[in-house]
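**Q** What follows is entry27.txt, compact mmCIF, C-alpha atoms.
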# COMPACT_ATOMS: atom_id res chain seq x y z
CA MET A 1 60.65 22.34 115.07
CA LEU A 2 58.70 19.16 115.87
CA LYS A 3 59.02 18.10 112.26
CA PHE A 4 62.78 18.61 112.42
CA LYS A 5 62.95 16.56 115.63
CA GLY A 6 60.99 13.82 113.94
CA ILE A 7 63.37 13.80 110.99
CA ALA A 8 66.37 13.81 113.31
CA ALA A 9 64.94 10.94 115.34
CA ALA A 10 64.26 8.95 112.18
CA ALA A 11 67.79 9.61 110.95
CA LEU A 12 69.21 8.51 114.30
CA ALA A 13 67.11 5.36 114.25
CA THR A 14 68.25 4.60 110.71
CA ALA A 15 71.89 5.13 111.67
CA MET A 16 71.49 2.83 114.65
CA MET A 17 69.88 0.18 112.47
CA CYS A 18 72.68 0.46 109.93
CA GLY A 19 75.28 0.21 112.66
CA SER A 20 73.63 -2.94 113.98
CA ALA A 21 73.52 -4.43 110.50
CA ILE A 22 77.22 -3.79 110.00
CA ALA A 23 78.08 -5.39 113.33
CA ALA A 24 75.82 -8.36 112.59
CA ASP A 25 77.58 -8.96 109.27
CA LYS A 26 81.06 -9.28 110.72
CA ILE A 27 82.77 -12.66 110.52
CA GLY A 28 85.90 -13.35 112.50
CA ILE A 29 88.60 -15.59 110.99
CA ALA A 30 91.02 -17.18 113.45
CA GLN A 31 93.95 -18.70 111.55
CA PHE A 32 96.85 -20.61 113.08
CA GLY A 33 99.40 -19.16 110.66
CA LYS A 34 100.10 -18.33 107.03
CA HIS A 35 100.38 -21.51 104.99
CA PRO A 36 99.24 -22.27 101.40
CA GLN A 37 96.69 -24.90 102.48
CA LEU A 38 95.23 -22.76 105.25
CA ASP A 39 95.22 -19.65 103.07
CA ARG A 40 93.28 -21.64 100.47
CA VAL A 41 90.68 -22.53 103.11
CA VAL A 42 90.12 -18.84 103.84
CA GLU A 43 89.94 -17.95 100.14
CA THR A 44 87.34 -20.56 99.21
CA PHE A 45 85.36 -19.96 102.43
CA LYS A 46 84.86 -16.38 101.32
CA GLU A 47 84.10 -17.46 97.75
CA GLU A 48 81.42 -19.87 98.96
CA LEU A 49 79.72 -17.21 101.08
CA ALA A 50 79.63 -14.91 98.05
CA ALA A 51 78.27 -17.73 95.90
CA GLN A 52 75.53 -18.20 98.50
CA GLY A 53 74.55 -14.55 98.05
CA LEU A 54 76.25 -13.31 101.24
CA LYS A 55 78.43 -10.57 99.80
CA ASP A 56 78.08 -7.69 102.27
CA ILE A 57 80.33 -9.14 104.95
CA GLU A 58 83.20 -7.54 106.82
CA PHE A 59 85.92 -10.08 107.63
CA VAL A 60 88.01 -9.53 110.74
CA GLU A 61 91.09 -11.73 110.36
CA SER A 62 93.87 -12.67 112.73
CA GLN A 63 96.64 -15.28 112.92
CA VAL A 64 99.26 -16.31 115.49
CA ASN A 65 102.14 -17.56 113.34
CA PHE A 66 101.65 -21.11 114.70
CA ASP A 67 102.24 -19.97 118.29
CA THR A 68 99.66 -21.69 120.52
CA ASN A 69 100.44 -19.30 123.37
CA LEU A 70 98.93 -16.45 121.35
CA ILE A 71 95.59 -18.16 120.64
CA PRO A 72 93.77 -16.67 123.69
CA GLN A 73 94.85 -13.18 122.66
CA MET A 74 93.64 -13.74 119.10
CA VAL A 75 90.25 -15.13 120.14
CA THR A 76 89.70 -12.30 122.62
CA LYS A 77 90.51 -9.79 119.90
CA LEU A 78 88.00 -11.37 117.50
CA GLN A 79 85.36 -11.62 120.22
CA SER A 80 85.66 -7.88 120.88
CA ALA A 81 84.63 -7.23 117.27
CA SER A 82 81.20 -8.76 118.07
CA PRO A 83 81.14 -11.08 115.06
CA LYS A 84 78.06 -12.92 113.95
CA LEU A 85 80.21 -16.02 113.45
CA ILE A 86 83.86 -17.09 113.76
CA LEU A 87 85.75 -19.38 111.39
CA SER A 88 88.44 -21.24 113.37
CA ILE A 89 91.15 -22.94 111.32
CA THR A 90 93.05 -26.03 112.59
CA THR A 91 92.51 -28.12 115.71
CA PRO A 92 94.57 -26.08 118.23
CA VAL A 93 92.82 -22.87 117.23
CA SER A 94 89.38 -24.50 117.26
CA GLN A 95 89.95 -26.07 120.68
CA GLY A 96 91.11 -22.75 122.08
CA THR A 97 88.21 -20.91 120.48
CA LYS A 98 85.64 -23.31 121.91
CA GLN A 99 87.10 -23.07 125.40
CA LEU A 100 87.46 -19.29 125.38
CA LEU A 101 84.03 -18.59 123.91
CA ALA A 102 82.15 -20.99 126.18
CA GLY A 103 79.00 -19.28 127.39
CA THR A 104 79.15 -16.42 124.87
CA ASN A 105 76.80 -18.05 122.30
CA ILE A 106 79.06 -16.89 119.47
CA PRO A 107 78.70 -19.60 116.79
CA VAL A 108 81.90 -21.15 115.43
CA VAL A 109 82.54 -23.04 112.20
CA PHE A 110 85.85 -24.90 112.24
CA ALA A 111 87.91 -25.92 109.21
CA ALA A 112 91.02 -28.04 108.62
CA VAL A 113 90.38 -30.15 111.73
CA THR A 114 91.28 -33.79 111.21
CA ASP A 115 89.11 -35.44 113.86
CA PRO A 116 86.66 -33.04 115.56
CA VAL A 117 85.27 -35.85 117.72
CA ALA A 118 88.65 -36.83 119.16
CA ALA A 119 89.40 -33.12 119.63
CA LYS A 120 86.13 -32.81 121.60
CA LEU A 121 84.77 -30.11 119.33
CA VAL A 122 81.59 -32.03 118.46
CA PRO A 123 80.02 -35.07 120.16
CA ALA A 124 79.92 -37.23 117.01
CA TRP A 125 80.63 -37.15 113.28
CA ASP A 126 76.90 -36.85 112.59
CA LYS A 127 76.12 -34.34 115.34
CA ALA A 128 77.16 -30.72 115.88
CA ASP A 129 77.81 -29.01 119.19
CA ALA A 130 75.29 -26.37 120.29
CA THR A 131 77.55 -23.56 119.03
CA MET A 132 80.14 -25.35 116.89
CA THR A 133 80.25 -27.35 113.69
CA GLY A 134 82.63 -27.42 110.76
CA ALA A 135 84.53 -28.99 107.89
CA SER A 136 87.14 -31.67 108.50
CA ASP A 137 90.28 -32.21 106.43
CA LEU A 138 90.41 -35.90 107.39
CA GLN A 139 92.11 -37.69 104.54
CA ASP A 140 90.85 -41.00 103.24
CA LEU A 141 93.86 -42.86 104.62
CA ASP A 142 92.73 -46.09 103.02
CA ALA A 143 93.00 -44.36 99.64
CA VAL A 144 96.35 -42.80 100.61
CA LEU A 145 97.88 -46.20 101.34
CA ALA A 146 96.28 -47.80 98.26
CA PHE A 147 97.89 -45.09 96.11
CA SER A 148 101.23 -45.47 97.92
CA LYS A 149 101.28 -49.22 97.28
CA LYS A 150 100.59 -48.65 93.58
CA LEU A 151 103.46 -46.16 93.46
CA LEU A 152 105.84 -48.21 95.61
CA PRO A 153 104.61 -51.81 95.24
CA GLY A 154 107.53 -53.34 97.12
CA ALA A 155 107.06 -51.21 100.25
CA LYS A 156 106.34 -52.92 103.56
CA ARG A 157 107.04 -50.23 106.17
CA VAL A 158 105.85 -46.62 106.34
CA GLY A 159 107.70 -43.98 108.35
CA PHE A 160 105.15 -41.66 109.98
CA PRO A 161 106.51 -38.40 111.49
CA TYR A 162 104.01 -36.68 113.79
CA ASN A 163 103.70 -34.31 116.74
CA PRO A 164 102.66 -36.29 119.85
CA GLY A 165 101.33 -33.06 121.37
CA GLU A 166 98.80 -32.34 118.61
CA ALA A 167 95.40 -34.06 118.64
CA ASN A 168 95.18 -34.00 114.83
CA ASP A 169 98.44 -35.91 114.48
CA VAL A 170 97.61 -38.50 117.12
CA ALA A 171 94.18 -39.10 115.59
CA THR A 172 95.74 -39.59 112.15
CA LEU A 173 98.32 -41.99 113.58
CA ASP A 174 95.64 -44.12 115.24
CA LEU A 175 93.63 -44.25 112.03
CA ILE A 176 96.53 -45.13 109.73
CA LYS A 177 97.79 -47.84 112.11
CA GLY A 178 94.38 -49.50 111.90
CA ILE A 179 94.27 -49.36 108.10
CA ALA A 180 97.89 -50.25 107.24
CA PRO A 181 97.64 -54.06 107.67
CA LYS A 182 94.95 -54.18 104.98
CA HIS A 183 97.61 -53.00 102.51
CA GLY A 184 100.38 -55.23 103.83
CA LEU A 185 102.05 -52.27 105.52
CA GLU A 186 103.48 -51.58 108.96
CA ILE A 187 103.55 -48.06 110.44
CA VAL A 188 106.85 -46.94 111.96
CA GLU A 189 105.97 -43.90 114.06
CA VAL A 190 108.45 -41.08 114.67
CA GLY A 191 107.52 -38.51 117.29
CA ILE A 192 108.70 -34.97 116.55
CA ASP A 193 108.26 -32.38 119.30
CA SER A 194 110.14 -29.56 117.58
CA VAL A 195 111.39 -28.78 114.07
CA ASN A 196 114.87 -29.02 115.55
CA ASP A 197 114.25 -32.75 116.06
CA ILE A 198 113.68 -33.42 112.37
CA PRO A 199 117.19 -34.27 111.10
CA VAL A 200 117.89 -36.82 113.85
CA ARG A 201 114.40 -38.32 113.97
CA ILE A 202 114.00 -38.70 110.19
CA THR A 203 117.46 -40.18 109.62
CA SER A 204 116.70 -42.68 112.41
CA LEU A 205 114.33 -44.33 109.91
CA LYS A 206 117.25 -45.66 107.88
CA GLY A 207 116.74 -49.40 107.47
CA LYS A 208 113.43 -49.22 109.35
CA ALA A 209 111.08 -47.83 106.66
CA ASP A 210 110.62 -48.10 102.89
CA PHE A 211 109.01 -44.68 102.44
CA ILE A 212 107.72 -41.79 104.54
CA TYR A 213 104.18 -40.48 104.66
CA VAL A 214 103.96 -36.90 105.97
CA PRO A 215 100.49 -36.09 107.35
CA ALA A 216 98.79 -32.69 107.44
CA SER A 217 100.55 -31.81 110.69
CA ASN A 218 100.74 -28.19 111.81
CA LEU A 219 104.30 -28.84 113.03
CA VAL A 220 105.70 -31.26 110.45
CA GLN A 221 103.97 -30.13 107.25
CA PRO A 222 105.44 -26.58 107.17
CA ALA A 223 108.85 -28.21 107.74
CA VAL A 224 108.64 -30.57 104.74
CA PRO A 225 111.81 -29.10 103.17
CA ALA A 226 113.76 -30.21 106.25
CA VAL A 227 112.02 -33.60 106.26
CA ALA A 228 112.84 -34.06 102.56
CA ALA A 229 116.49 -33.08 103.03
CA SER A 230 116.91 -35.65 105.81
CA ALA A 231 114.98 -38.34 103.89
CA ASN A 232 117.18 -37.79 100.83
CA GLN A 233 120.26 -38.48 102.95
CA ILE A 234 119.00 -42.00 103.64
CA GLY A 235 117.31 -42.60 100.27
CA LEU A 236 113.70 -42.69 101.46
CA PRO A 237 110.95 -41.47 99.09
CA ILE A 238 108.15 -39.32 100.51
CA VAL A 239 104.42 -39.39 99.89
CA ASN A 240 103.14 -36.08 101.21
CA SER A 241 99.68 -34.90 102.26
CA SER A 242 100.16 -31.66 100.28
CA GLN A 243 101.02 -31.36 96.60
CA LYS A 244 102.95 -28.09 96.91
CA ALA A 245 106.16 -29.90 97.85
CA VAL A 246 105.69 -32.19 94.83
CA GLU A 247 105.37 -29.22 92.49
CA GLN A 248 108.56 -27.79 94.03
CA GLY A 249 110.44 -31.03 93.39
CA LEU A 250 111.05 -31.66 97.09
CA VAL A 251 109.19 -34.97 97.37
CA LEU A 252 108.16 -37.82 95.11
CA ALA A 253 104.38 -37.75 95.38
CA SER A 254 101.31 -36.55 97.24
CA PHE A 255 97.75 -37.63 97.88
CA GLU A 256 95.90 -34.78 99.45
CA VAL A 257 92.56 -33.46 100.47
CA SER A 258 91.64 -30.40 98.45
CA TYR A 259 91.81 -27.58 100.99
CA GLY A 260 89.81 -25.51 98.56
CA GLN A 261 86.97 -27.97 99.08
CA VAL A 262 87.45 -27.88 102.86
CA GLY A 263 87.00 -24.10 102.74
CA ARG A 264 83.93 -24.42 100.55
CA ASN A 265 82.42 -26.98 102.91
CA ALA A 266 82.98 -24.61 105.83
CA GLY A 267 81.45 -21.80 103.77
CA LYS A 268 78.33 -23.87 103.11
CA LEU A 269 77.85 -24.46 106.83
CA ALA A 270 78.44 -20.79 107.67
CA ALA A 271 76.03 -19.65 104.95
CA ALA A 272 73.32 -22.02 106.18
CA HIS A 273 73.66 -20.63 109.69
CA LEU A 274 73.72 -17.01 108.55
CA LYS A 275 70.50 -17.73 106.67
CA GLY A 276 68.81 -19.00 109.81
CA THR A 277 69.72 -22.64 110.49
CA PRO A 278 70.92 -23.22 114.07
CA ILE A 279 74.52 -24.46 114.34
CA ALA A 280 73.27 -27.47 116.30
CA ASP A 281 71.32 -28.61 113.22
CA LEU A 282 74.35 -28.51 110.89
CA LYS A 283 76.29 -31.79 110.86
CA PRO A 284 80.09 -31.64 110.46
CA ILE A 285 81.34 -32.37 106.94
CA ARG A 286 84.16 -34.81 106.18
CA PRO A 287 85.84 -35.02 102.74
CA LYS A 288 84.69 -37.62 100.24
CA TYR A 289 87.08 -39.62 98.06
CA GLU A 290 86.35 -37.20 95.21
CA ASP A 291 87.71 -34.35 97.34
CA HIS A 292 91.25 -35.81 97.06
CA ARG A 293 93.87 -35.62 94.31
CA ALA A 294 97.17 -37.38 93.56
CA MET A 295 100.39 -35.96 92.11
CA ILE A 296 103.72 -37.57 91.12
CA ASN A 297 106.91 -35.68 90.25
CA LEU A 298 108.50 -37.53 87.33
CA THR A 299 111.85 -35.76 87.73
CA VAL A 300 112.14 -36.91 91.35
CA LEU A 301 111.05 -40.39 90.31
CA LYS A 302 113.81 -40.59 87.69
CA ALA A 303 116.45 -39.13 90.01
CA ALA A 304 115.64 -41.86 92.53
CA GLY A 305 116.19 -44.50 89.86
CA ARG A 306 112.59 -45.64 89.98
CA GLU A 307 110.15 -46.43 87.19
CA LEU A 308 106.50 -45.51 87.07
CA PRO A 309 104.40 -48.62 87.80
CA ALA A 310 101.96 -49.66 85.09
CA ALA A 311 99.04 -49.18 87.51
CA LEU A 312 99.65 -45.40 87.49
CA LYS A 313 100.58 -44.74 83.86
CA ASP A 314 97.09 -43.42 83.12
CA CYS A 315 96.50 -41.52 86.36
CA ASN A 316 96.89 -38.07 84.74
CA CYS A 317 98.58 -36.87 87.92
CA PHE A 318 102.09 -35.89 86.84
CA THR A 319 104.33 -32.88 87.21
CA LYS A 320 108.04 -32.32 86.46
For this file, write the structure as structure tokens.

**A**
Amino acid sequence: MLKFKGIAAAALATAMMCGSAIAADKIGIAQFGKHPQLDRVVETFKEELAAQGLKDIEFVESQVNFDTNLIPQMVTKLQSASPKLILSITTPVSQGTKQLLAGTNIPVVFAAVTDPVAAKLVPAWDKADATMTGASDLQDLDAVLAFSKKLLPGAKRVGFPYNPGEANDVATLDLIKGIAPKHGLEIVEVGIDSVNDIPVRITSLKGKADFIYVPASNLVQPAVPAVAASANQIGLPIVNSSQKAVEQGLVLASFEVSYGQVGRNAGKLAAAHLKGTPIADLKPIRPKYEDHRAMINLTVLKAAGRELPAALKDCNCFTK
């Protein structure tokens, strides 16, 4: 009987240990909404963890369909799963996650955040918060404008649609305004508070801009088809921050950060923490120039009556 009790106790202890291990291996994923770029972040984040040898992980995923009002509910739901770490995607989600998890000691790795310092997620680009670090999607705006000038050498004014209520967008606006004069360009900002504003706000750029640059905005980027339709009405070409719209023939060109690389960078940070490095010791990662790629749609170029400049003939960045 004593032997049986000993076996039973051992089995119970083993079961408890296994249960703890399962709980410890959970990772929560808080996503703003379904979007090709953000989905790619999740995909490569998981791939990087597997590549780092972390394959026995249960992912608990949730998204709010780009509704900021639902972020608290999502974070609370993920917190209740007792994850070992949470991946928070985009600035609004990461800000909400940090605020809601304050004092819980649940580590968070953010991804697809343009400026984590301006968003008050980390104290500096080279310093993590005690429980938060992550991978930025901050584009090399100097390279974006250099590419745009090669593509549209006569351009002087850039229309910049953005959401004044989103920290990512405001940070990008401030950065691009500081860089534009170097390339002989002036930024013409267009605030967009709702997708319903797009037709009027974009067509207001007629005679005021030579092309439009659409940033990686959580409001404006998913609405690129509407932006493109309005821009076509007034004959303005678009350089987009995502190549998907170029492949679809909606816009002329793109110069984008690889969101696959953003996800991998976040995965590297998460893996390092899961292997024992404190979050506070893991500096945020920002994309390098090599983490970007250009694309030009030759059909759109021809339809607009434009010719490919000699400076880009060998760029190997074309689609039709």

**Q** What does the structure give for the distance between CA of Ile86 in chain A and CA of Ala30 in chain A, in Å to one decimal?

**A**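 Pair CA of Ile86 in chain A / CA of Ala30 in chain A returns 7.2 Å.
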
**Q** Choose the residue, out of A:Gly184, A:Pro153, A:Gly96, A:Gly191, that has the smallest atom-to-atom separation from Leu219 in chain A; count all atoms listed in the file.

**A**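 Of the candidates, the smallest distance to Leu219 in chain A is held by A:Gly191.
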
**Q** In terms of the shortest atom-to-atom distance over all atoms listed in the file, which of A:Gln221, A:Ala253, A:Ala294, A:Ser230 is closest to Pro36 in chain A?

**A** A:Gln221

**Q** Using Å and a single decimal, report how far CA of Lys55 in chain A sits from CA of Thr91 in chain A.

**A**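 We find that CA of Thr91 in chain A and CA of Lys55 in chain A lie 27.6 Å from each other.
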
**Q** Within 8 Å of Ala112 in chain A, counting all atoms listed in the file, which residues show up once you throw out same-chain ones fewer than 5 positions away? Write them as a PyMOL selection string, please.

**A** chain A and resi 38+41+89-91+135-138+259+262

**Q** Excluding same-chain residues fewer than 6 positions from Ala310 in chain A, what lies within 12 Å of it counting all atoms listed in the file, as a ChimeraX atom specification?

**A** /A:150-153

**Q** Given only C-alpha atoms as the basis, pick out the residue of A:Ser82, A:Gln261, A:Gln139, A:Asn297 nearest to Ile176 in chain A.

**A**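 For Ile176 in chain A, the nearest of the candidates is A:Gln139.
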
**Q** Just give me the gap between CA of Met132 in chain A and CA of Lys46 in chain A in Å, one decimal is fine.

**A**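 The value is 18.6 Å.
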
**Q** Out of A:Ile187, A:Leu101, A:Ala231, A:Ala180, which residue has the shortest atom-to-atom distance to Thr203 in chain A when counting all atoms listed in the file?

**A**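 Using all atoms listed in the file, Thr203 in chain A sits closest to A:Ala231.
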
**Q** With all atoms listed in the file as the basis for distance, which of A:Ala81, A:Ile198, A:Leu141, A:Ile285 is at the shortest distance from Ala216 in chain A?

**A**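 Of A:Ala81, A:Ile198, A:Leu141, A:Ile285, the one nearest Ala216 in chain A is A:Leu141, counting all atoms listed in the file.
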
**Q** Go through A:Ala171, A:Leu49, A:Ile106, A:Val113 one by one, measure the shortest atom-to-atom distance of each to Ser94 in chain A using all atoms listed in the file, and give the residue with the smallest value.

**A**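 Smallest distance to Ser94 in chain A is found for A:Val113.
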
**Q** Give me the residues within 8 Å of His183 in chain A as a list in words, counting only C-alpha atoms and dropping any in the same chain fewer than 4 places off.

**A**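 Non-adjacent residues within range: Leu145, Ala146, Lys149 and Ile179 of chain A.
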
**Q** Set the distance at 8 Å and use all atoms listed in the file: which residues neighbour Val188 in chain A once local chain neighbours fewer than 5 positions away are removed? I'd like the list as a PyMOL selection string.

**A** chain A and resi 157-160+208-209

**Q** Fewer than 6 positions away in the same chain doesn't count, so skip those; otherwise give me all residues within 10 Å of Asn218 in chain A, counting only C-alpha atoms, as a PyMOL selection string.

**A** chain A and resi 32-33+35+66+90-92+162-163+166+168-169

**Q** Take the point (113.9, -35.3, 112.8) in the file's coordinates, draw a sphere of radius 10 Å around it, and report as a ChimeraX atom specification every protein, DNA or RNA residue with an atom inside or on it, counting only C-alpha atoms.

**A** /A:161,190-205,220,226-227,230-231

**Q** Kindly output range 208-226 of chain A as an mmCIF file, keeping the file's coordinate frame, after building N, CA, C and O atoms.

**A**
data_model
loop_
_atom_site.group_PDB
_atom_site.id
_atom_site.type_symbol
_atom_site.label_atom_id
_atom_site.label_comp_id
_atom_site.auth_asym_id
_atom_site.auth_seq_id
_atom_site.Cartn_x
_atom_site.Cartn_y
_atom_site.Cartn_z
ATOM 1 N N LYS A 208 114.648 -48.878 108.602
ATOM 2 C CA LYS A 208 113.430 -49.220 109.350
ATOM 3 C C LYS A 208 112.154 -48.958 108.548
ATOM 4 O O LYS A 208 111.064 -49.406 108.951
ATOM 5 N N ALA A 209 112.263 -48.178 107.465
ATOM 6 C CA ALA A 209 111.080 -47.830 106.660
ATOM 7 C C ALA A 209 111.440 -47.866 105.184
ATOM 8 O O ALA A 209 112.609 -47.730 104.804
ATOM 9 N N ASP A 210 110.420 -48.052 104.348
ATOM 10 C CA ASP A 210 110.620 -48.100 102.890
ATOM 11 C C ASP A 210 110.193 -46.788 102.223
ATOM 12 O O ASP A 210 110.611 -46.493 101.114
ATOM 13 N N PHE A 211 109.339 -46.042 102.889
ATOM 14 C CA PHE A 211 109.010 -44.680 102.440
ATOM 15 C C PHE A 211 108.410 -43.943 103.627
ATOM 16 O O PHE A 211 108.116 -44.539 104.673
ATOM 17 N N ILE A 212 108.282 -42.638 103.480
ATOM 18 C CA ILE A 212 107.720 -41.790 104.540
ATOM 19 C C ILE A 212 106.415 -41.184 104.062
ATOM 20 O O ILE A 212 106.318 -40.700 102.926
ATOM 21 N N TYR A 213 105.419 -41.218 104.928
ATOM 22 C CA TYR A 213 104.180 -40.480 104.660
ATOM 23 C C TYR A 213 104.112 -39.316 105.640
ATOM 24 O O TYR A 213 104.148 -39.511 106.856
ATOM 25 N N VAL A 214 104.036 -38.093 105.113
ATOM 26 C CA VAL A 214 103.960 -36.900 105.970
ATOM 27 C C VAL A 214 102.515 -36.426 106.031
ATOM 28 O O VAL A 214 101.946 -36.006 105.016
ATOM 29 N N PRO A 215 101.895 -36.492 107.219
ATOM 30 C CA PRO A 215 100.490 -36.090 107.350
ATOM 31 C C PRO A 215 100.328 -34.573 107.345
ATOM 32 O O PRO A 215 101.309 -33.828 107.327
ATOM 33 N N ALA A 216 99.089 -34.127 107.415
ATOM 34 C CA ALA A 216 98.790 -32.690 107.440
ATOM 35 C C ALA A 216 98.981 -32.164 108.864
ATOM 36 O O ALA A 216 98.045 -31.713 109.513
ATOM 37 N N SER A 217 100.205 -32.224 109.332
ATOM 38 C CA SER A 217 100.550 -31.810 110.690
ATOM 39 C C SER A 217 100.928 -30.339 110.716
ATOM 40 O O SER A 217 101.696 -29.868 109.871
ATOM 41 N N ASN A 218 100.416 -29.619 111.706
ATOM 42 C CA ASN A 218 100.740 -28.190 111.810
ATOM 43 C C ASN A 218 102.205 -27.956 112.147
ATOM 44 O O ASN A 218 102.746 -26.890 111.874
ATOM 45 N N LEU A 219 102.870 -28.957 112.733
ATOM 46 C CA LEU A 219 104.300 -28.840 113.030
ATOM 47 C C LEU A 219 105.145 -29.373 111.881
ATOM 48 O O LEU A 219 106.072 -28.700 111.409
ATOM 49 N N VAL A 220 104.840 -30.579 111.411
ATOM 50 C CA VAL A 220 105.700 -31.260 110.450
ATOM 51 C C VAL A 220 105.492 -30.763 109.018
ATOM 52 O O VAL A 220 106.452 -30.603 108.253
ATOM 53 N N GLN A 221 104.241 -30.485 108.635
ATOM 54 C CA GLN A 221 103.970 -30.130 107.250
ATOM 55 C C GLN A 221 104.684 -28.845 106.800
ATOM 56 O O GLN A 221 105.296 -28.816 105.724
ATOM 57 N N PRO A 222 104.696 -27.772 107.601
ATOM 58 C CA PRO A 222 105.440 -26.580 107.170
ATOM 59 C C PRO A 222 106.953 -26.824 107.088
ATOM 60 O O PRO A 222 107.669 -26.052 106.449
ATOM 61 N N ALA A 223 107.424 -27.897 107.727
ATOM 62 C CA ALA A 223 108.850 -28.210 107.740
ATOM 63 C C ALA A 223 109.212 -29.310 106.742
ATOM 64 O O ALA A 223 110.274 -29.936 106.873
ATOM 65 N N VAL A 224 108.375 -29.532 105.744
ATOM 66 C CA VAL A 224 108.640 -30.570 104.740
ATOM 67 C C VAL A 224 110.004 -30.419 104.064
ATOM 68 O O VAL A 224 110.673 -31.421 103.803
ATOM 69 N N PRO A 225 110.467 -29.207 103.747
ATOM 70 C CA PRO A 225 111.810 -29.100 103.170
ATOM 71 C C PRO A 225 112.886 -29.762 104.038
ATOM 72 O O PRO A 225 113.789 -30.437 103.521
ATOM 73 N N ALA A 226 112.791 -29.585 105.345
ATOM 74 C CA ALA A 226 113.760 -30.210 106.250
ATOM 75 C C ALA A 226 113.572 -31.720 106.296
ATOM 76 O O ALA A 226 114.544 -32.480 106.344
#
